[in-house]
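**Student:** What follows is a structure written as structure tokens; I'll ask about it next.
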Amino acid sequence: MAAAEGKIPSHVGIIMDGNGRWAEARGERRTAGHLAGLETAKHIVKAAAGMGLQYLTLYAFSTENWKRAGEEVHFIMGLVKQYLRSELDFYRENRIRLRYAGDKSGLARDIAEEIALTCEETGVYGGLQVILALNYGGRDEIVRALRRAALAGLDLAALTEAELGKFLDNPDIPDPDLIIRSAGEFRISNFLLWEGAYAEYYISPRLWPDWTEEDLRLALESYEKRERKFGGLRE
Ligand code: FPP
């Protein structure tokens, strides 16, 4: 089916890459890049809400990011906590709902509690849904889904895609239509492996801290021109 005029994606996922390079290019510490990246994330959430997206998944920390220096990991986790606290009023005013994807059991208790609290407080809102992917890995999500399916008594030898899909982290959220990666890398890095099977991909050369609303607009314009076939044939 050809993309309809003015078509916008319902669900956009973003791999926010390039914070470290942004900082290094300025002779600053990597943490300065993450701080700037957080500000960009705030602007992009606002822009996404304004553009009428329904779901925005932000890849803030992968299951592999624990390999980074302890100081950097600690800093990113602190930023997440700061983000959740500082943006709560904005979420309330704009009826934005926060959701979580990943393995919460691997997070420090204070972060897990802050996420749970924000998800609960914003759970009633019907505007944009922001899915925070933190300690998230696509492979890990599939393995956890399989474990849950086994614990629920499903016969794994006869399991269907539809059945397994119900055990993913957020089974009610539609698959991403568009996955964006900043900083020019052509990699998926374990992001939404199952859900992104038929997503359109958009790679931007710009480093995440340099992103503005205009970059999101360019990504949506690119999506609008795509012809999605989901494995079928052109009409
Ligand atoms: C990738 O850049 C970025 C991360 C691993 C961290 C992303 C985190 C934030 C933007 C802050 C938290 C965000 C929210 C929404 C709470 P990189 O460090 O791999 O960059 P590099 O490839 O240039 O080194």
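By convention in this document, the chains of the structure tokens carry letters A, B, ... by their order, each chain's residues are numbered from 1, and ligands are numbered from 1 in the order they are shown.
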Counting only C-alpha atoms and all ligand atoms, which residues of chain A fall within 7 Å of ligand 1, and what is the closest atom pair for each with its distance in Å at one decimal, ordered by chain and rising number, as a tab-separated table?
**Tutor:**
residue	atom	partner	partner_atom_place_in_ligand_line	distance
A:Met16	CA	ligand 1	3 (C)	5.4
A:Asp17	CA	ligand 1	2 (O)	3.9
A:Gly18	CA	ligand 1	23 (O)	3.3
A:Asn19	CA	ligand 1	20 (O)	4.1
A:Gly20	CA	ligand 1	24 (O)	3.6
A:Arg21	CA	ligand 1	23 (O)	3.6
A:Trp22	CA	ligand 1	23 (O)	6.3
A:Arg30	CA	ligand 1	18 (O)	6.9
A:His34	CA	ligand 1	9 (C)	5.2
A:Leu35	CA	ligand 1	11 (C)	6.6
A:Gly37	CA	ligand 1	10 (C)	4.0
A:Leu38	CA	ligand 1	11 (C)	4.3
A:Ala41	CA	ligand 1	15 (C)	5.3
A:Leu58	CA	ligand 1	15 (C)	6.0
A:Tyr59	CA	ligand 1	7 (C)	6.8
A:Ala60	CA	ligand 1	7 (C)	4.2
A:Phe61	CA	ligand 1	5 (C)	5.2
A:Asn65	CA	ligand 1	5 (C)	6.5
A:Ile76	CA	ligand 1	11 (C)	5.8
A:Leu79	CA	ligand 1	12 (C)	5.7
A:Val80	CA	ligand 1	16 (C)	4.0
A:Tyr83	CA	ligand 1	16 (C)	5.4
A:Leu132	CA	ligand 1	15 (C)	6.6
**Student:** Write the residues of the preceding selection, restricted to C-alpha atoms, as an mmCIF file, in the first residue's frame.
**Tutor:**
data_model
loop_
_atom_site.group_PDB
_atom_site.id
_atom_site.type_symbol
_atom_site.label_atom_id
_atom_site.label_comp_id
_atom_site.auth_asym_id
_atom_site.auth_seq_id
_atom_site.Cartn_x
_atom_site.Cartn_y
_atom_site.Cartn_z
ATOM 1 C CA MET A 16 19.645 8.040 20.835
ATOM 2 C CA ASP A 17 23.249 7.613 19.714
ATOM 3 C CA GLY A 18 26.223 9.948 19.626
ATOM 4 C CA ASN A 19 26.279 11.501 23.087
ATOM 5 C CA GLY A 20 29.852 10.366 23.711
ATOM 6 C CA ARG A 21 31.141 11.609 20.347
ATOM 7 C CA TRP A 22 29.390 14.934 20.841
ATOM 8 C CA ARG A 30 31.231 11.647 27.999
ATOM 9 C CA HIS A 34 24.545 12.382 28.146
ATOM 10 C CA LEU A 35 23.431 15.542 29.940
ATOM 11 C CA GLY A 37 21.288 14.123 25.275
ATOM 12 C CA LEU A 38 18.770 14.298 28.070
ATOM 13 C CA ALA A 41 15.138 13.856 24.723
ATOM 14 C CA LEU A 58 13.357 5.912 23.775
ATOM 15 C CA TYR A 59 16.328 3.558 24.063
ATOM 16 C CA ALA A 60 18.034 5.049 27.116
ATOM 17 C CA PHE A 61 20.128 2.093 28.325
ATOM 18 C CA ASN A 65 25.461 -0.775 28.412
ATOM 19 C CA ILE A 76 22.984 7.876 33.146
ATOM 20 C CA LEU A 79 19.816 11.399 34.699
ATOM 21 C CA VAL A 80 16.894 9.021 34.277
ATOM 22 C CA TYR A 83 14.242 13.218 34.118
ATOM 23 C CA LEU A 132 11.376 4.266 28.461
#
**Student:** Could you check the closest approach to Ile44 of chain A for each of A:Ala23, A:Ile188, A:Val130, A:Leu193 and tell me which residue wins, using only C-alpha atoms?
**Tutor:** A:Val130
**Student:** Using only C-alpha atoms, can you tell me which of A:Ala112, A:Leu151, A:Ala101, A:Ile8 comes closest to Gly52 of chain A?
**Tutor:**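 Of all the options, A:Ile8 lies closest to Gly52 of chain A.
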**Student:** Between A:Ala145, A:His74, A:Lys81, A:Ala47, which is the closest to Ala116 of chain A once you count only C-alpha atoms?
**Tutor:** A:Lys81
**Student:** From a DSSP pass on the backbone, collect the residues of segment 156-204 of chain A flagged as strand (DSSP E) and hand them back as a PyMOL selection string.
**Tutor:** chain A and resi 178-181+200-203
**Student:** I'd like the contact shell of Pro174 of chain A - 10 Å cut-off, only C-alpha atoms, skipping same-chain residues fewer than 3 positions apart - returned as a list in words.
**Tutor:**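 These residues fall inside the cut-off: Ser10, His11, Gln54, Tyr55, Asn170, Pro171, Asp177 and Glu195 of chain A.
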**Student:** For those residues, write C-alpha atoms to a file as a compact mmCIF listing (two decimals), in the first residue's frame.
**Tutor:**
# COMPACT_ATOMS: atom_id res chain seq x y z
CA SER A 10 1.79 5.87 15.22
CA HIS A 11 4.80 4.42 17.02
CA GLN A 54 0.86 8.02 19.81
CA TYR A 55 3.89 6.06 21.04
CA ASN A 170 4.07 -4.18 26.40
CA PRO A 171 1.82 -6.48 24.38
CA ASP A 177 6.29 1.95 12.35
CA GLU A 195 8.53 -5.59 17.37
